[in-house]
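Q: If you scroll down you'll find the structure; I have some questions about it.
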Amino acid sequence: SKSSEHYRPVAVAHVVPLRFSDNDDIQHAAKDVLEEIGKAKGQTEAEVIASILSARDAGDRKAACESLGKLGEAAEQYLDAVAACLKDKESSVQFAACLALQKHGKAGEAEVTVVVQYLKHEDWPTRRAACQAMGDLGQAAEPHLG
């Protein structure tokens with residue numbers, strides 16, 4: 001129905017972060033929900049998650065980037081859309097996109113530039129994640145290492 005279509009993006013945005021929960025039961029339930037939504041729309045789970053990359057809420061866009069980074073091969077065809085998030089107005093979305101691309105081995109100079117800005121972030125877990133990301137970026141990060 002038309003009214004259920006209206007709420008579907010909101011539901012997807014709330015389910016996406018649960019897809020990679022530490023709790024296996026929550027993970028499986030979220031996967032099932034995303035697959036059911038996908039079936040109703042004729043989409044794959046990755047396609048449903050990718051649809052949130054253009055959400056109004058930065059937290060939703062960030063969660064979509066993170067989930068696509070963790071989804072593996074099923075997310076490969078959406079990496080260009082994730083890369084577009086490197087230009088998002090919210091830095092948390094940029095950082096999530098960078099890490100997602102790095103997990104897929106698609107990181108280059110643009111991703112390194114995003115990560116470098118987080119090395120001096122006020123939040124220490126963010127700085128730690130940026131340091132780890134720099135290490136994971138390998139040769140692409142070398143010019144930025146003192």
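Note on naming: chains are A, B, ... as they come in the structure tokens, residues start from 1 per chain, ligands start from 1 in the order shown.
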If you take only C-alpha atoms and a cut-off of 7 Å, which residues of stretch 75-103 of chain A touch stretch 59-68 of chain A, and what are their nearest atom pairs and distances in Å to one decimal, in chain and number order, as a Markdown table?
A:
| residue | atom | partner | partner_atom | distance |
| --- | --- | --- | --- | --- |
| A:Ala75 | CA | A:Leu68 | CA | 5.6 |
| A:Val82 | CA | A:Cys65 | CA | 6.1 |
| A:Ser92 | CA | A:Lys62 | CA | 6.7 |
| A:Val93 | CA | A:Lys62 | CA | 4.6 |
| A:Ala96 | CA | A:Glu66 | CA | 5.7 |
| A:Ala97 | CA | A:Cys65 | CA | 5.2 |
| A:Ala100 | CA | A:Glu66 | CA | 5.9 |
Q: Okay, now the selection with N, CA, C and O atoms, as a PDB file, in the first residue's frame?
A:
ATOM      1  N   ALA A  75      28.183  -6.239  -2.072  1.00  0.00           N
ATOM      2  CA  ALA A  75      28.112  -4.776  -2.120  1.00  0.00           C
ATOM      3  C   ALA A  75      28.984  -4.171  -3.220  1.00  0.00           C
ATOM      4  O   ALA A  75      28.928  -2.961  -3.449  1.00  0.00           O
ATOM      5  N   VAL A  82      29.094   4.481  -2.699  1.00  0.00           N
ATOM      6  CA  VAL A  82      29.798   4.694  -1.432  1.00  0.00           C
ATOM      7  C   VAL A  82      30.888   5.748  -1.634  1.00  0.00           C
ATOM      8  O   VAL A  82      31.053   6.652  -0.812  1.00  0.00           O
ATOM      9  N   SER A  92      31.438  12.504   9.328  1.00  0.00           N
ATOM     10  CA  SER A  92      31.285  11.125   9.816  1.00  0.00           C
ATOM     11  C   SER A  92      30.896  10.187   8.673  1.00  0.00           C
ATOM     12  O   SER A  92      31.304   9.019   8.649  1.00  0.00           O
ATOM     13  N   VAL A  93      30.129  10.696   7.714  1.00  0.00           N
ATOM     14  CA  VAL A  93      29.742   9.902   6.548  1.00  0.00           C
ATOM     15  C   VAL A  93      30.951   9.704   5.643  1.00  0.00           C
ATOM     16  O   VAL A  93      31.186   8.603   5.137  1.00  0.00           O
ATOM     17  N   ALA A  96      33.115   7.031   7.230  1.00  0.00           N
ATOM     18  CA  ALA A  96      32.513   5.705   7.073  1.00  0.00           C
ATOM     19  C   ALA A  96      32.672   5.205   5.639  1.00  0.00           C
ATOM     20  O   ALA A  96      32.962   4.026   5.405  1.00  0.00           O
ATOM     21  N   ALA A  97      32.511   6.102   4.671  1.00  0.00           N
ATOM     22  CA  ALA A  97      32.687   5.725   3.264  1.00  0.00           C
ATOM     23  C   ALA A  97      34.126   5.306   2.999  1.00  0.00           C
ATOM     24  O   ALA A  97      34.382   4.310   2.317  1.00  0.00           O
ATOM     25  N   ALA A 100      34.723   1.896   4.429  1.00  0.00           N
ATOM     26  CA  ALA A 100      34.027   0.885   3.627  1.00  0.00           C
ATOM     27  C   ALA A 100      34.819   0.577   2.364  1.00  0.00           C
ATOM     28  O   ALA A 100      34.997  -0.589   1.996  1.00  0.00           O
TER      29      ALA A 100
END
Q: Could you give me, as a ChimeraX atom specification, each residue of chain A that DSSP assigns to alpha helix (DSSP H) when run on this structure's backbone?
A: /A:2-15,24-41,45-50,58-71,79-84,91-103,109-116,124-137
Q: Got a sec: who's within 6 Å of A:Cys98, counting only C-alpha atoms, leaving out chain neighbours fewer than 3 positions off, as a ChimeraX atom specification?
A: /A:95,101,111
Q: Measuring atom to atom with only C-alpha atoms, identify which of A:Val116, A:Arg128, A:Lys39, A:Asp32 is nearest to A:Glu142.
A: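 Among A:Val116, A:Arg128, A:Lys39, A:Asp32, it is A:Val116 that comes nearest to A:Glu142.
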Q: Report as a PyMOL selection string all protein, DNA and RNA residues lying within 12 Å of A:Ala29, evaluated on only C-alpha atoms, omitting residues in the same chain fewer than 5 positions from it.
A: chain A and resi 15-21+23-24+34-36
Q: Could those residues be written to a file, using N, CA, C and O atoms, as a PDB file, in the first residue's frame?
A:
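Everything below was put into out.pdb:
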ATOM      1  N   VAL A  15      16.954  -0.536  10.604  1.00  0.00           N
ATOM      2  CA  VAL A  15      17.373  -1.938  10.605  1.00  0.00           C
ATOM      3  C   VAL A  15      18.832  -2.094  10.166  1.00  0.00           C
ATOM      4  O   VAL A  15      19.556  -2.945  10.682  1.00  0.00           O
ATOM      5  N   VAL A  16      19.285  -1.252   9.256  1.00  0.00           N
ATOM      6  CA  VAL A  16      20.634  -1.379   8.690  1.00  0.00           C
ATOM      7  C   VAL A  16      21.726  -1.465   9.768  1.00  0.00           C
ATOM      8  O   VAL A  16      22.564  -2.358   9.714  1.00  0.00           O
ATOM      9  N   PRO A  17      21.736  -0.593  10.783  1.00  0.00           N
ATOM     10  CA  PRO A  17      22.806  -0.702  11.788  1.00  0.00           C
ATOM     11  C   PRO A  17      22.775  -2.016  12.570  1.00  0.00           C
ATOM     12  O   PRO A  17      23.802  -2.443  13.107  1.00  0.00           O
ATOM     13  N   LEU A  18      21.617  -2.656  12.630  1.00  0.00           N
ATOM     14  CA  LEU A  18      21.497  -3.918  13.366  1.00  0.00           C
ATOM     15  C   LEU A  18      22.035  -5.105  12.577  1.00  0.00           C
ATOM     16  O   LEU A  18      22.268  -6.175  13.133  1.00  0.00           O
ATOM     17  N   ARG A  19      22.242  -4.914  11.278  1.00  0.00           N
ATOM     18  CA  ARG A  19      22.659  -6.004  10.392  1.00  0.00           C
ATOM     19  C   ARG A  19      23.984  -6.624  10.822  1.00  0.00           C
ATOM     20  O   ARG A  19      24.231  -7.802  10.616  1.00  0.00           O
ATOM     21  N   PHE A  20      24.844  -5.842  11.457  1.00  0.00           N
ATOM     22  CA  PHE A  20      26.142  -6.360  11.886  1.00  0.00           C
ATOM     23  C   PHE A  20      26.330  -6.215  13.391  1.00  0.00           C
ATOM     24  O   PHE A  20      27.407  -5.930  13.879  1.00  0.00           O
ATOM     25  N   SER A  21      25.243  -6.430  14.115  1.00  0.00           N
ATOM     26  CA  SER A  21      25.247  -6.393  15.577  1.00  0.00           C
ATOM     27  C   SER A  21      26.176  -7.478  16.122  1.00  0.00           C
ATOM     28  O   SER A  21      26.457  -8.476  15.447  1.00  0.00           O
ATOM     29  N   ASN A  23      25.258  -9.363  18.446  1.00  0.00           N
ATOM     30  CA  ASN A  23      24.331 -10.428  18.808  1.00  0.00           C
ATOM     31  C   ASN A  23      23.878 -11.153  17.535  1.00  0.00           C
ATOM     32  O   ASN A  23      23.262 -10.548  16.657  1.00  0.00           O
ATOM     33  N   ASP A  24      24.180 -12.427  17.428  1.00  0.00           N
ATOM     34  CA  ASP A  24      23.848 -13.206  16.235  1.00  0.00           C
ATOM     35  C   ASP A  24      22.350 -13.220  15.927  1.00  0.00           C
ATOM     36  O   ASP A  24      21.952 -13.155  14.767  1.00  0.00           O
ATOM     37  N   LEU A  34      15.669  -7.098   6.058  1.00  0.00           N
ATOM     38  CA  LEU A  34      16.170  -6.434   4.850  1.00  0.00           C
ATOM     39  C   LEU A  34      15.884  -7.267   3.599  1.00  0.00           C
ATOM     40  O   LEU A  34      15.535  -6.721   2.551  1.00  0.00           O
ATOM     41  N   GLU A  35      16.007  -8.570   3.712  1.00  0.00           N
ATOM     42  CA  GLU A  35      15.706  -9.433   2.561  1.00  0.00           C
ATOM     43  C   GLU A  35      14.216  -9.387   2.222  1.00  0.00           C
ATOM     44  O   GLU A  35      13.851  -9.377   1.044  1.00  0.00           O
ATOM     45  N   GLU A  36      13.354  -9.357   3.233  1.00  0.00           N
ATOM     46  CA  GLU A  36      11.906  -9.274   2.990  1.00  0.00           C
ATOM     47  C   GLU A  36      11.543  -7.952   2.331  1.00  0.00           C
ATOM     48  O   GLU A  36      10.733  -7.912   1.403  1.00  0.00           O
TER      49      GLU A  36
END
Q: Atom CA of A:Ala140 and atom CA of A:Gly108, how far apart in Å?
A: 5.7 Å
Q: For a test of reading the model, state the distance in Å between atom CA of A:His144 and atom CA of A:Gly72, rounded to one decimal.
A: 27.8 Å
Q: Calculated over only C-alpha atoms, which of the candidates A:Thr44, A:Gln27, A:Gln77, A:Gln139 has the smallest distance to A:Glu109?
A: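 Nearest to A:Glu109: A:Gln139.
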